[in-house]
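J.: Contents of coords_28.cif (mmCIF, N, CA and C atoms) are given next:
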data_upload
loop_
_atom_site.label_atom_id
_atom_site.label_comp_id
_atom_site.auth_asym_id
_atom_site.auth_seq_id
_atom_site.Cartn_x
_atom_site.Cartn_y
_atom_site.Cartn_z
N MET P 1303 95.47 110.10 118.67
CA MET P 1303 95.12 109.24 117.55
C MET P 1303 96.23 108.21 117.40
N ILE P 1304 95.83 107.09 116.87
CA ILE P 1304 96.76 105.99 116.63
C ILE P 1304 96.73 105.66 115.15
N SER P 1305 97.90 105.36 114.59
CA SER P 1305 97.94 104.92 113.20
C SER P 1305 99.00 103.84 113.03
N ILE P 1306 98.66 102.85 112.25
CA ILE P 1306 99.63 101.88 111.76
C ILE P 1306 99.90 102.30 110.33
N ILE P 1307 101.15 102.63 110.03
CA ILE P 1307 101.50 103.00 108.66
C ILE P 1307 102.34 101.89 108.05
N GLN P 1308 102.08 101.63 106.78
CA GLN P 1308 102.83 100.63 106.06
C GLN P 1308 103.31 101.21 104.74
N ARG P 1309 104.59 100.99 104.47
CA ARG P 1309 105.15 101.40 103.18
C ARG P 1309 104.69 100.37 102.16
N VAL P 1310 104.01 100.84 101.11
CA VAL P 1310 103.41 99.91 100.16
C VAL P 1310 103.87 100.16 98.73
N THR P 1311 103.82 99.10 97.95
CA THR P 1311 104.00 99.21 96.51
C THR P 1311 102.67 99.57 95.87
N THR P 1312 101.59 99.02 96.45
CA THR P 1312 100.24 99.33 96.03
C THR P 1312 99.29 98.98 97.16
N ALA P 1313 98.17 99.70 97.23
CA ALA P 1313 97.14 99.40 98.24
C ALA P 1313 95.81 99.89 97.71
N LYS P 1314 94.75 99.15 98.11
CA LYS P 1314 93.41 99.59 97.72
C LYS P 1314 92.42 99.18 98.80
N VAL P 1315 91.31 99.89 98.82
CA VAL P 1315 90.21 99.59 99.72
C VAL P 1315 88.94 99.46 98.89
N THR P 1316 88.17 98.41 99.21
CA THR P 1316 86.97 98.08 98.46
C THR P 1316 85.77 98.04 99.42
N VAL P 1317 84.66 98.60 98.98
CA VAL P 1317 83.40 98.55 99.73
C VAL P 1317 82.31 98.11 98.76
N ASN P 1318 81.55 97.09 99.13
CA ASN P 1318 80.48 96.56 98.27
C ASN P 1318 80.97 96.26 96.86
N ASN P 1319 82.11 95.60 96.77
CA ASN P 1319 82.72 95.21 95.49
C ASN P 1319 83.12 96.39 94.60
N GLN P 1320 83.21 97.58 95.18
CA GLN P 1320 83.65 98.77 94.44
C GLN P 1320 84.95 99.28 95.05
N ASP P 1321 85.97 99.47 94.23
CA ASP P 1321 87.21 100.07 94.72
C ASP P 1321 86.93 101.54 94.99
N ILE P 1322 87.12 101.97 96.24
CA ILE P 1322 86.84 103.37 96.57
C ILE P 1322 88.12 104.17 96.80
N GLY P 1323 89.24 103.49 96.97
CA GLY P 1323 90.52 104.17 97.13
C GLY P 1323 91.64 103.27 96.65
N TRP P 1324 92.61 103.85 95.95
CA TRP P 1324 93.73 103.07 95.42
C TRP P 1324 94.95 103.98 95.32
N ILE P 1325 96.10 103.44 95.71
CA ILE P 1325 97.36 104.17 95.53
C ILE P 1325 98.43 103.22 94.99
N ALA P 1326 99.41 103.79 94.33
CA ALA P 1326 100.61 103.05 93.96
C ALA P 1326 101.61 103.27 95.11
N THR P 1327 102.87 103.39 94.82
CA THR P 1327 103.89 103.53 95.85
C THR P 1327 103.53 104.63 96.85
N GLY P 1328 103.59 104.27 98.13
CA GLY P 1328 103.26 105.25 99.16
C GLY P 1328 103.04 104.63 100.51
N ILE P 1329 102.09 105.21 101.26
CA ILE P 1329 101.78 104.77 102.62
C ILE P 1329 100.30 104.47 102.73
N MET P 1330 100.01 103.28 103.26
CA MET P 1330 98.65 102.96 103.68
C MET P 1330 98.63 103.14 105.19
N ALA P 1331 97.69 103.94 105.69
CA ALA P 1331 97.61 104.23 107.11
C ALA P 1331 96.24 103.84 107.66
N LEU P 1332 96.24 102.93 108.63
CA LEU P 1332 95.04 102.61 109.39
C LEU P 1332 94.99 103.60 110.53
N VAL P 1333 93.83 104.20 110.79
CA VAL P 1333 93.72 105.30 111.76
C VAL P 1333 92.59 105.05 112.75
N ALA P 1334 92.90 105.22 114.04
CA ALA P 1334 91.88 105.11 115.09
C ALA P 1334 91.83 106.40 115.89
N VAL P 1335 90.62 106.76 116.30
CA VAL P 1335 90.39 107.95 117.11
C VAL P 1335 90.09 107.49 118.54
N GLU P 1336 90.78 108.13 119.50
CA GLU P 1336 90.53 107.83 120.91
C GLU P 1336 89.69 108.94 121.53
N LYS P 1337 89.11 108.65 122.70
CA LYS P 1337 88.17 109.55 123.36
C LYS P 1337 88.66 110.99 123.49
N GLU P 1338 89.90 111.18 123.88
CA GLU P 1338 90.42 112.52 124.18
C GLU P 1338 91.01 113.23 122.97
N ASP P 1339 90.96 112.62 121.79
CA ASP P 1339 91.58 113.21 120.61
C ASP P 1339 90.85 114.46 120.14
N SER P 1340 91.61 115.32 119.47
CA SER P 1340 91.09 116.60 118.98
C SER P 1340 91.54 116.82 117.54
N GLN P 1341 91.10 117.93 116.97
CA GLN P 1341 91.54 118.29 115.62
C GLN P 1341 93.06 118.47 115.58
N LYS P 1342 93.64 118.97 116.66
CA LYS P 1342 95.11 119.12 116.69
C LYS P 1342 95.80 117.77 116.58
N ASP P 1343 95.21 116.72 117.20
CA ASP P 1343 95.77 115.38 117.07
C ASP P 1343 95.73 114.92 115.61
N ALA P 1344 94.61 115.18 114.93
CA ALA P 1344 94.48 114.80 113.52
C ALA P 1344 95.52 115.52 112.67
N GLU P 1345 95.70 116.81 112.91
CA GLU P 1345 96.69 117.59 112.16
C GLU P 1345 98.10 117.06 112.42
N ARG P 1346 98.41 116.80 113.67
CA ARG P 1346 99.74 116.30 114.03
C ARG P 1346 99.99 114.92 113.40
N LEU P 1347 98.97 114.06 113.44
CA LEU P 1347 99.13 112.73 112.86
C LEU P 1347 99.41 112.82 111.37
N LEU P 1348 98.65 113.65 110.66
CA LEU P 1348 98.88 113.77 109.22
C LEU P 1348 100.27 114.30 108.93
N GLU P 1349 100.71 115.31 109.66
CA GLU P 1349 102.06 115.84 109.44
C GLU P 1349 103.13 114.78 109.69
N ARG P 1350 102.94 113.97 110.72
CA ARG P 1350 103.90 112.89 110.99
C ARG P 1350 103.91 111.88 109.85
N ILE P 1351 102.73 111.48 109.38
CA ILE P 1351 102.66 110.51 108.29
C ILE P 1351 103.35 111.05 107.03
N LEU P 1352 103.06 112.30 106.69
CA LEU P 1352 103.63 112.88 105.47
C LEU P 1352 105.14 113.08 105.56
N ASN P 1353 105.66 113.27 106.75
CA ASN P 1353 107.08 113.58 106.91
C ASN P 1353 107.92 112.45 107.48
N TYR P 1354 107.30 111.32 107.83
CA TYR P 1354 108.03 110.20 108.41
C TYR P 1354 108.93 109.59 107.34
N ARG P 1355 110.20 109.47 107.64
CA ARG P 1355 111.19 109.06 106.64
C ARG P 1355 111.32 107.53 106.61
N ILE P 1356 110.55 106.91 105.69
CA ILE P 1356 110.56 105.45 105.59
C ILE P 1356 110.85 104.95 104.17
N PHE P 1357 111.22 105.86 103.28
CA PHE P 1357 111.54 105.48 101.91
C PHE P 1357 113.04 105.61 101.67
N ALA P 1358 113.56 104.72 100.85
CA ALA P 1358 115.01 104.65 100.63
C ALA P 1358 115.53 105.81 99.79
N ASP P 1359 116.69 106.32 100.20
CA ASP P 1359 117.39 107.31 99.39
C ASP P 1359 118.35 106.59 98.44
N ASP P 1360 119.24 107.33 97.79
CA ASP P 1360 120.17 106.74 96.83
C ASP P 1360 121.14 105.76 97.49
N ASN P 1361 121.32 105.86 98.80
CA ASN P 1361 122.21 104.96 99.53
C ASN P 1361 121.45 103.82 100.21
N ASP P 1362 120.20 103.65 99.82
CA ASP P 1362 119.33 102.60 100.34
C ASP P 1362 119.09 102.73 101.85
N ARG P 1363 119.08 103.97 102.33
CA ARG P 1363 118.77 104.26 103.74
C ARG P 1363 117.39 104.90 103.81
N MET P 1364 116.64 104.59 104.86
CA MET P 1364 115.32 105.19 105.02
C MET P 1364 115.51 106.65 105.42
N ASN P 1365 115.57 107.50 104.41
CA ASN P 1365 115.85 108.92 104.62
C ASN P 1365 114.83 109.84 103.95
N LEU P 1366 113.90 109.26 103.19
CA LEU P 1366 112.96 110.07 102.44
C LEU P 1366 111.54 109.89 102.98
N SER P 1367 110.79 110.98 102.93
CA SER P 1367 109.40 110.96 103.39
C SER P 1367 108.45 110.76 102.22
N LEU P 1368 107.18 110.58 102.54
CA LEU P 1368 106.15 110.49 101.51
C LEU P 1368 106.15 111.75 100.64
N ARG P 1369 106.30 112.89 101.30
CA ARG P 1369 106.37 114.16 100.54
C ARG P 1369 107.57 114.17 99.60
N ASP P 1370 108.71 113.67 100.07
CA ASP P 1370 109.93 113.66 99.25
C ASP P 1370 109.75 112.86 97.97
N ILE P 1371 109.02 111.75 98.06
CA ILE P 1371 108.86 110.90 96.88
C ILE P 1371 107.56 111.18 96.14
N ASN P 1372 106.74 112.08 96.69
CA ASN P 1372 105.42 112.39 96.12
C ASN P 1372 104.59 111.12 95.93
N GLY P 1373 104.61 110.26 96.97
CA GLY P 1373 103.89 109.00 96.91
C GLY P 1373 102.42 109.16 97.28
N GLY P 1374 101.68 108.09 97.12
CA GLY P 1374 100.27 108.08 97.46
C GLY P 1374 100.04 107.84 98.95
N LEU P 1375 98.92 108.34 99.43
CA LEU P 1375 98.52 108.13 100.82
C LEU P 1375 97.09 107.60 100.83
N LEU P 1376 96.92 106.44 101.47
CA LEU P 1376 95.60 105.85 101.63
C LEU P 1376 95.28 105.81 103.12
N LEU P 1377 94.32 106.64 103.55
CA LEU P 1377 93.91 106.72 104.96
C LEU P 1377 92.64 105.90 105.16
N ILE P 1378 92.70 104.95 106.10
CA ILE P 1378 91.59 104.04 106.33
C ILE P 1378 91.20 104.08 107.81
N PRO P 1379 89.94 104.41 108.11
CA PRO P 1379 89.51 104.41 109.51
C PRO P 1379 89.46 102.99 110.05
N GLN P 1380 90.01 102.79 111.26
CA GLN P 1380 90.01 101.46 111.87
C GLN P 1380 89.97 101.59 113.38
N PHE P 1381 88.75 101.63 113.93
CA PHE P 1381 88.59 101.87 115.36
C PHE P 1381 89.22 100.78 116.23
N THR P 1382 89.40 99.58 115.70
CA THR P 1382 89.93 98.49 116.53
C THR P 1382 91.36 98.73 116.98
N LEU P 1383 92.06 99.66 116.34
CA LEU P 1383 93.42 99.99 116.80
C LEU P 1383 93.42 100.58 118.20
N ALA P 1384 92.31 101.15 118.62
CA ALA P 1384 92.22 101.76 119.95
C ALA P 1384 91.90 100.74 121.04
N ALA P 1385 91.85 99.47 120.69
CA ALA P 1385 91.50 98.43 121.66
C ALA P 1385 92.60 98.24 122.71
N ASP P 1386 92.17 97.97 123.94
CA ASP P 1386 93.08 97.56 125.00
C ASP P 1386 93.15 96.04 124.94
N THR P 1387 94.33 95.52 124.67
CA THR P 1387 94.52 94.08 124.53
C THR P 1387 95.45 93.50 125.59
N GLN P 1388 95.68 94.27 126.65
CA GLN P 1388 96.67 93.86 127.65
C GLN P 1388 96.23 92.69 128.52
N THR P 1389 94.93 92.52 128.72
CA THR P 1389 94.46 91.43 129.57
C THR P 1389 93.31 90.70 128.89
N GLY P 1390 93.11 89.45 129.30
CA GLY P 1390 91.98 88.67 128.81
C GLY P 1390 92.12 88.24 127.38
N ASN P 1391 91.05 87.67 126.88
CA ASN P 1391 91.02 87.15 125.52
C ASN P 1391 90.02 87.87 124.63
N ARG P 1392 89.56 89.02 125.11
CA ARG P 1392 88.63 89.83 124.32
C ARG P 1392 89.06 91.28 124.42
N PRO P 1393 89.14 91.99 123.29
CA PRO P 1393 89.58 93.38 123.35
C PRO P 1393 88.55 94.27 124.04
N SER P 1394 89.06 95.30 124.71
CA SER P 1394 88.20 96.32 125.32
C SER P 1394 88.35 97.60 124.51
N PHE P 1395 87.25 98.26 124.23
CA PHE P 1395 87.28 99.48 123.43
C PHE P 1395 86.99 100.71 124.27
N ILE P 1396 87.32 100.64 125.54
CA ILE P 1396 87.02 101.72 126.47
C ILE P 1396 87.73 103.03 126.10
N SER P 1397 88.90 102.94 125.48
CA SER P 1397 89.63 104.17 125.12
C SER P 1397 89.26 104.70 123.73
N ALA P 1398 88.50 103.93 122.97
CA ALA P 1398 88.10 104.37 121.62
C ALA P 1398 87.05 105.47 121.72
N ALA P 1399 87.10 106.38 120.79
CA ALA P 1399 86.09 107.44 120.72
C ALA P 1399 84.73 106.84 120.34
N ALA P 1400 83.69 107.49 120.79
CA ALA P 1400 82.34 107.10 120.37
C ALA P 1400 82.25 107.23 118.85
N PRO P 1401 81.39 106.43 118.21
CA PRO P 1401 81.31 106.47 116.74
C PRO P 1401 81.09 107.87 116.17
N GLU P 1402 80.27 108.69 116.82
CA GLU P 1402 80.02 110.04 116.30
C GLU P 1402 81.30 110.88 116.29
N LYS P 1403 82.05 110.80 117.39
CA LYS P 1403 83.29 111.55 117.47
C LYS P 1403 84.32 110.98 116.49
N GLY P 1404 84.39 109.66 116.39
CA GLY P 1404 85.32 109.04 115.44
C GLY P 1404 85.03 109.48 114.01
N ARG P 1405 83.75 109.48 113.64
CA ARG P 1405 83.35 109.91 112.29
C ARG P 1405 83.72 111.38 112.07
N GLU P 1406 83.45 112.21 113.08
CA GLU P 1406 83.74 113.63 112.97
C GLU P 1406 85.25 113.89 112.79
N LEU P 1407 86.06 113.25 113.64
CA LEU P 1407 87.51 113.50 113.55
C LEU P 1407 88.14 112.86 112.32
N PHE P 1408 87.64 111.69 111.90
CA PHE P 1408 88.17 111.13 110.66
C PHE P 1408 87.78 112.02 109.49
N GLY P 1409 86.56 112.56 109.52
CA GLY P 1409 86.14 113.52 108.49
C GLY P 1409 87.03 114.75 108.47
N TYR P 1410 87.39 115.24 109.65
CA TYR P 1410 88.29 116.38 109.72
C TYR P 1410 89.65 116.01 109.14
N LEU P 1411 90.15 114.81 109.48
CA LEU P 1411 91.43 114.33 108.94
C LEU P 1411 91.35 114.27 107.41
N GLN P 1412 90.24 113.79 106.88
CA GLN P 1412 90.07 113.73 105.42
C GLN P 1412 90.15 115.14 104.80
N ASP P 1413 89.41 116.07 105.38
CA ASP P 1413 89.42 117.45 104.86
C ASP P 1413 90.81 118.06 104.94
N PHE P 1414 91.47 117.88 106.09
CA PHE P 1414 92.81 118.43 106.28
C PHE P 1414 93.80 117.80 105.30
N ALA P 1415 93.69 116.47 105.11
CA ALA P 1415 94.60 115.78 104.19
C ALA P 1415 94.39 116.26 102.76
N THR P 1416 93.15 116.46 102.36
CA THR P 1416 92.84 116.90 101.00
C THR P 1416 93.41 118.28 100.72
N THR P 1417 93.38 119.15 101.71
CA THR P 1417 93.92 120.51 101.50
C THR P 1417 95.43 120.58 101.70
N THR P 1418 96.01 119.55 102.32
CA THR P 1418 97.44 119.55 102.63
C THR P 1418 98.28 118.78 101.63
N TYR P 1419 97.70 117.74 101.05
CA TYR P 1419 98.47 116.82 100.19
C TYR P 1419 97.60 116.40 99.01
N SER P 1420 98.17 116.40 97.82
CA SER P 1420 97.36 116.18 96.62
C SER P 1420 97.08 114.71 96.30
N ASN P 1421 97.94 113.81 96.72
CA ASN P 1421 97.83 112.41 96.31
C ASN P 1421 97.30 111.56 97.47
N VAL P 1422 96.01 111.76 97.82
CA VAL P 1422 95.44 111.07 98.98
C VAL P 1422 94.09 110.45 98.62
N GLN P 1423 93.87 109.25 99.16
CA GLN P 1423 92.63 108.50 98.98
C GLN P 1423 92.16 108.05 100.37
N PHE P 1424 90.92 107.59 100.46
CA PHE P 1424 90.35 107.26 101.77
C PHE P 1424 89.51 106.00 101.74
N GLY P 1425 89.47 105.35 102.92
CA GLY P 1425 88.48 104.33 103.18
C GLY P 1425 87.21 105.02 103.64
N GLU P 1426 86.19 104.23 103.98
CA GLU P 1426 84.89 104.79 104.37
C GLU P 1426 84.59 104.46 105.82
N PHE P 1427 84.38 105.48 106.62
CA PHE P 1427 84.11 105.30 108.04
C PHE P 1427 82.85 104.45 108.22
N GLY P 1428 82.95 103.42 109.06
CA GLY P 1428 81.81 102.59 109.41
C GLY P 1428 81.43 101.53 108.38
N ALA P 1429 82.13 101.48 107.27
CA ALA P 1429 81.80 100.52 106.21
C ALA P 1429 82.52 99.20 106.45
N ASP P 1430 81.99 98.14 105.87
CA ASP P 1430 82.67 96.85 105.83
C ASP P 1430 83.64 96.92 104.66
N MET P 1431 84.91 97.13 104.97
CA MET P 1431 85.92 97.36 103.93
C MET P 1431 86.80 96.14 103.75
N GLN P 1432 87.23 95.92 102.54
CA GLN P 1432 88.26 94.94 102.25
C GLN P 1432 89.49 95.73 101.81
N VAL P 1433 90.58 95.48 102.48
CA VAL P 1433 91.82 96.21 102.23
C VAL P 1433 92.86 95.23 101.70
N SER P 1434 93.48 95.59 100.60
CA SER P 1434 94.57 94.77 100.07
C SER P 1434 95.77 95.65 99.83
N LEU P 1435 96.94 95.08 100.05
CA LEU P 1435 98.17 95.85 99.88
C LEU P 1435 99.35 94.94 99.65
N ILE P 1436 100.38 95.51 99.09
CA ILE P 1436 101.68 94.86 99.04
C ILE P 1436 102.59 95.71 99.90
N ASN P 1437 102.94 95.18 101.07
CA ASN P 1437 103.80 95.88 102.02
C ASN P 1437 105.23 95.76 101.50
N ASN P 1438 105.85 96.89 101.26
CA ASN P 1438 107.19 96.94 100.69
C ASN P 1438 108.22 96.91 101.79
N GLY P 1439 108.92 95.82 101.93
CA GLY P 1439 109.98 95.71 102.93
C GLY P 1439 109.99 94.37 103.64
N PRO P 1440 109.05 94.05 104.46
CA PRO P 1440 107.94 94.87 104.93
C PRO P 1440 108.41 95.98 105.86
N VAL P 1441 107.76 97.11 105.74
CA VAL P 1441 108.03 98.26 106.61
C VAL P 1441 106.71 98.70 107.22
N THR P 1442 106.62 98.62 108.55
CA THR P 1442 105.39 98.96 109.28
C THR P 1442 105.76 99.65 110.58
N PHE P 1443 105.07 100.76 110.88
CA PHE P 1443 105.31 101.51 112.12
C PHE P 1443 103.99 101.90 112.77
N THR P 1444 104.02 102.06 114.08
CA THR P 1444 102.89 102.59 114.82
C THR P 1444 103.19 104.04 115.18
N LEU P 1445 102.28 104.94 114.85
CA LEU P 1445 102.41 106.35 115.23
C LEU P 1445 101.27 106.68 116.18
N ARG P 1446 101.58 107.47 117.18
CA ARG P 1446 100.56 107.89 118.14
C ARG P 1446 100.78 109.37 118.42
N THR P 1447 99.71 110.14 118.37
CA THR P 1447 99.79 111.56 118.70
C THR P 1447 99.07 111.80 120.00
N SER P 1448 99.47 112.84 120.68
CA SER P 1448 98.80 113.19 121.95
C SER P 1448 99.05 114.67 122.22
N THR P 1449 98.24 115.51 121.61
CA THR P 1449 98.41 116.95 121.85
C THR P 1449 97.60 117.42 123.05
N SER P 1450 96.57 116.65 123.42
CA SER P 1450 95.70 117.13 124.51
C SER P 1450 95.64 116.19 125.71
N HIS P 1451 96.36 115.08 125.67
CA HIS P 1451 96.26 114.11 126.76
C HIS P 1451 97.49 113.20 126.81
N ARG P 1452 97.48 112.29 127.76
CA ARG P 1452 98.51 111.29 128.05
C ARG P 1452 99.74 111.91 128.60
#
Would you mind writing the structure in this file as structure tokens?
T.:
Amino acid sequence: MISIIQRVTTAKVTVNNQDIGWIATGIMALVAVEKEDSQKDAERLLERILNYRIFADDNDRMNLSLRDINGGLLLIPQFTLAADTQTGNRPSFISAAAPEKGRELFGYLQDFATTTYSNVQFGEFGADMQVSLINNGPVTFTLRTSTSHR
């Protein structure tokens, strides 16, 4: 699985003019599922997001995790992250999971996140979403898990 995580002051996702997810200080994570991904990849990705130290401590060093600050987590499905952009002028989605598998694994990630962490919100798989955020820093990282491949 691939995720772009951003440290945010606030973030929200809107579908059909309705806010469906909103967080204050925390992490907004765009998430893509690749063909070979499994439930173990989803579990590993969530653990990395929750424990990745990108928040400032008392010495203004990135030493604290989302769990440490009890911040919000907004998980948003975004299959385009799995695009191959190395050649040409059009992305290839050959490594992206089929929509059914993507929906299934993002659903598993949602269930796992809900039982693992209390302050979590979600985007909607397959929906036309509008995402707004204030990136704090800016601080942005790419996380990739690979428990069964690569």
J.: Have a look at P:Leu1375, P:Ala1334, P:Met1431, P:Ile1436 and name the one nearest to Ala1399 (chain P); count only N, CA and C atoms.
T.: P:Ala1334
J.: Write out as number ranges by chain all residues of chain P that DSSP puts in strand (DSSP E) for this structure's backbone.
T.: P: 1304-1317, 1320-1325, 1328-1334, 1357-1358, 1364-1366, 1374-1379, 1422-1424, 1431-1446
J.: How would you write, as a list in words, the residues chosen by the PyMOL selection byres ((chain P and resi 1441-1445) around 6) on this structure?
T.: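 Taken over the shown coordinates, the PyMOL selection byres ((chain P and resi 1441-1445) around 6) returns Met1303, Ile1304, Ser1305, Ile1306, Ile1307, Gln1308, Arg1309, Asn1437, Asn1438, Gly1439, Pro1440, Arg1446 and Thr1447 of chain P.
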J.: Measuring atom to atom with only C-alpha atoms, identify which of P:Glu1349, P:Glu1426, P:Asp1360, P:Glu1402 is nearest to Phe1414 (chain P).
T.: P:Glu1349
J.: Which value, in Å to one decimal, gives the distance between CA of Gly1404 (chain P) and atom N of Gln1320 (chain P)?
T.: 23.4 Å
J.: For CA of Arg1369 (chain P) and CA of Phe1408 (chain P), determine how far apart the two atoms are, in Å to one decimal place.
T.: 21.0 Å
J.: Would you work out the distance separating CA of Gln1412 (chain P) from CA of Ala1358 (chain P), expressed in Å to one decimal?
T.: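 Value for the CA of Gln1412 (chain P)-CA of Ala1358 (chain P) distance: 27.0 Å.
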J.: Could you tell me, as a PDB file with N, CA and C atoms, in the frame of the given file, exactly which residues end up selected when the PyMOL selection byres (((chain P and resi 1328 and name CA) around 10) and name CA) is applied to this structure?
T.:
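Listing of part19.pdb after writing:
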ATOM      1  N   ILE P1307     101.150 102.630 110.030  1.00  0.00           N
ATOM      2  CA  ILE P1307     101.500 103.000 108.660  1.00  0.00           C
ATOM      3  C   ILE P1307     102.340 101.890 108.050  1.00  0.00           C
ATOM      4  N   GLN P1308     102.080 101.630 106.780  1.00  0.00           N
ATOM      5  CA  GLN P1308     102.830 100.630 106.060  1.00  0.00           C
ATOM      6  C   GLN P1308     103.310 101.210 104.740  1.00  0.00           C
ATOM      7  N   ARG P1309     104.590 100.990 104.470  1.00  0.00           N
ATOM      8  CA  ARG P1309     105.150 101.400 103.180  1.00  0.00           C
ATOM      9  C   ARG P1309     104.690 100.370 102.160  1.00  0.00           C
ATOM     10  N   VAL P1310     104.010 100.840 101.110  1.00  0.00           N
ATOM     11  CA  VAL P1310     103.410  99.910 100.160  1.00  0.00           C
ATOM     12  C   VAL P1310     103.870 100.160  98.730  1.00  0.00           C
ATOM     13  N   THR P1311     103.820  99.100  97.950  1.00  0.00           N
ATOM     14  CA  THR P1311     104.000  99.210  96.510  1.00  0.00           C
ATOM     15  C   THR P1311     102.670  99.570  95.870  1.00  0.00           C
ATOM     16  N   THR P1312     101.590  99.020  96.450  1.00  0.00           N
ATOM     17  CA  THR P1312     100.240  99.330  96.030  1.00  0.00           C
ATOM     18  C   THR P1312      99.290  98.980  97.160  1.00  0.00           C
ATOM     19  N   ALA P1313      98.170  99.700  97.230  1.00  0.00           N
ATOM     20  CA  ALA P1313      97.140  99.400  98.240  1.00  0.00           C
ATOM     21  C   ALA P1313      95.810  99.890  97.710  1.00  0.00           C
ATOM     22  N   ILE P1325      96.100 103.440  95.710  1.00  0.00           N
ATOM     23  CA  ILE P1325      97.360 104.170  95.530  1.00  0.00           C
ATOM     24  C   ILE P1325      98.430 103.220  94.990  1.00  0.00           C
ATOM     25  N   ALA P1326      99.410 103.790  94.330  1.00  0.00           N
ATOM     26  CA  ALA P1326     100.610 103.050  93.960  1.00  0.00           C
ATOM     27  C   ALA P1326     101.610 103.270  95.110  1.00  0.00           C
ATOM     28  N   THR P1327     102.870 103.390  94.820  1.00  0.00           N
ATOM     29  CA  THR P1327     103.890 103.530  95.850  1.00  0.00           C
ATOM     30  C   THR P1327     103.530 104.630  96.850  1.00  0.00           C
ATOM     31  N   ILE P1329     102.090 105.210 101.260  1.00  0.00           N
ATOM     32  CA  ILE P1329     101.780 104.770 102.620  1.00  0.00           C
ATOM     33  C   ILE P1329     100.300 104.470 102.730  1.00  0.00           C
ATOM     34  N   MET P1330     100.010 103.280 103.260  1.00  0.00           N
ATOM     35  CA  MET P1330      98.650 102.960 103.680  1.00  0.00           C
ATOM     36  C   MET P1330      98.630 103.140 105.190  1.00  0.00           C
ATOM     37  N   ALA P1331      97.690 103.940 105.690  1.00  0.00           N
ATOM     38  CA  ALA P1331      97.610 104.230 107.110  1.00  0.00           C
ATOM     39  C   ALA P1331      96.240 103.840 107.660  1.00  0.00           C
ATOM     40  N   LEU P1352     103.060 112.300 106.690  1.00  0.00           N
ATOM     41  CA  LEU P1352     103.630 112.880 105.470  1.00  0.00           C
ATOM     42  C   LEU P1352     105.140 113.080 105.560  1.00  0.00           C
ATOM     43  N   ILE P1356     110.550 106.910 105.690  1.00  0.00           N
ATOM     44  CA  ILE P1356     110.560 105.450 105.590  1.00  0.00           C
ATOM     45  C   ILE P1356     110.850 104.950 104.170  1.00  0.00           C
ATOM     46  N   PHE P1357     111.220 105.860 103.280  1.00  0.00           N
ATOM     47  CA  PHE P1357     111.540 105.480 101.910  1.00  0.00           C
ATOM     48  C   PHE P1357     113.040 105.610 101.670  1.00  0.00           C
ATOM     49  N   SER P1367     110.790 110.980 102.930  1.00  0.00           N
ATOM     50  CA  SER P1367     109.400 110.960 103.390  1.00  0.00           C
ATOM     51  C   SER P1367     108.450 110.760 102.220  1.00  0.00           C
ATOM     52  N   LEU P1368     107.180 110.580 102.540  1.00  0.00           N
ATOM     53  CA  LEU P1368     106.150 110.490 101.510  1.00  0.00           C
ATOM     54  C   LEU P1368     106.150 111.750 100.640  1.00  0.00           C
ATOM     55  N   ARG P1369     106.300 112.890 101.300  1.00  0.00           N
ATOM     56  CA  ARG P1369     106.370 114.160 100.540  1.00  0.00           C
ATOM     57  C   ARG P1369     107.570 114.170  99.600  1.00  0.00           C
ATOM     58  N   ILE P1371     109.020 111.750  98.060  1.00  0.00           N
ATOM     59  CA  ILE P1371     108.860 110.900  96.880  1.00  0.00           C
ATOM     60  C   ILE P1371     107.560 111.180  96.140  1.00  0.00           C
ATOM     61  N   ASN P1372     106.740 112.080  96.690  1.00  0.00           N
ATOM     62  CA  ASN P1372     105.420 112.390  96.120  1.00  0.00           C
ATOM     63  C   ASN P1372     104.590 111.120  95.930  1.00  0.00           C
ATOM     64  N   GLY P1373     104.610 110.260  96.970  1.00  0.00           N
ATOM     65  CA  GLY P1373     103.890 109.000  96.910  1.00  0.00           C
ATOM     66  C   GLY P1373     102.420 109.160  97.280  1.00  0.00           C
ATOM     67  N   GLY P1374     101.680 108.090  97.120  1.00  0.00           N
ATOM     68  CA  GLY P1374     100.270 108.080  97.460  1.00  0.00           C
ATOM     69  C   GLY P1374     100.040 107.840  98.950  1.00  0.00           C
ATOM     70  N   LEU P1375      98.920 108.340  99.430  1.00  0.00           N
ATOM     71  CA  LEU P1375      98.520 108.130 100.820  1.00  0.00           C
ATOM     72  C   LEU P1375      97.090 107.600 100.830  1.00  0.00           C
ATOM     73  N   LEU P1376      96.920 106.440 101.470  1.00  0.00           N
ATOM     74  CA  LEU P1376      95.600 105.850 101.630  1.00  0.00           C
ATOM     75  C   LEU P1376      95.280 105.810 103.120  1.00  0.00           C
ATOM     76  N   ASN P1421      97.940 113.810  96.720  1.00  0.00           N
ATOM     77  CA  ASN P1421      97.830 112.410  96.310  1.00  0.00           C
ATOM     78  C   ASN P1421      97.300 111.560  97.470  1.00  0.00           C
ATOM     79  N   VAL P1422      96.010 111.760  97.820  1.00  0.00           N
ATOM     80  CA  VAL P1422      95.440 111.070  98.980  1.00  0.00           C
ATOM     81  C   VAL P1422      94.090 110.450  98.620  1.00  0.00           C
ATOM     82  N   ASN P1437     102.940  95.180 101.070  1.00  0.00           N
ATOM     83  CA  ASN P1437     103.800  95.880 102.020  1.00  0.00           C
ATOM     84  C   ASN P1437     105.230  95.760 101.500  1.00  0.00           C
ATOM     85  N   ASN P1438     105.850  96.890 101.260  1.00  0.00           N
ATOM     86  CA  ASN P1438     107.190  96.940 100.690  1.00  0.00           C
ATOM     87  C   ASN P1438     108.220  96.910 101.790  1.00  0.00           C
TER      88      ASN P1438
END
J.: Applying the PyMOL selection byres (((chain P and resi 1381 and name CA) around 7) and name CA) to the file I just gave you, which residues come out? Please list them as a count of residues only.
T.: 8
J.: Measuring between only N, CA and C atoms, which one of P:Ile1378, P:Ala1429, P:Ala1415, P:Leu1435 shows the shortest distance to Leu1348 (chain P)?
T.: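 Under the stated criterion, the closest residue is P:Ala1415.
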J.: Hey, which of P:Gln1432, P:Ser1448, P:Thr1418, P:Asn1391 ends up closest to Gln1341 (chain P)? Count only C-alpha atoms.
T.: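 Smallest separation from Gln1341 (chain P) among the options: P:Ser1448.
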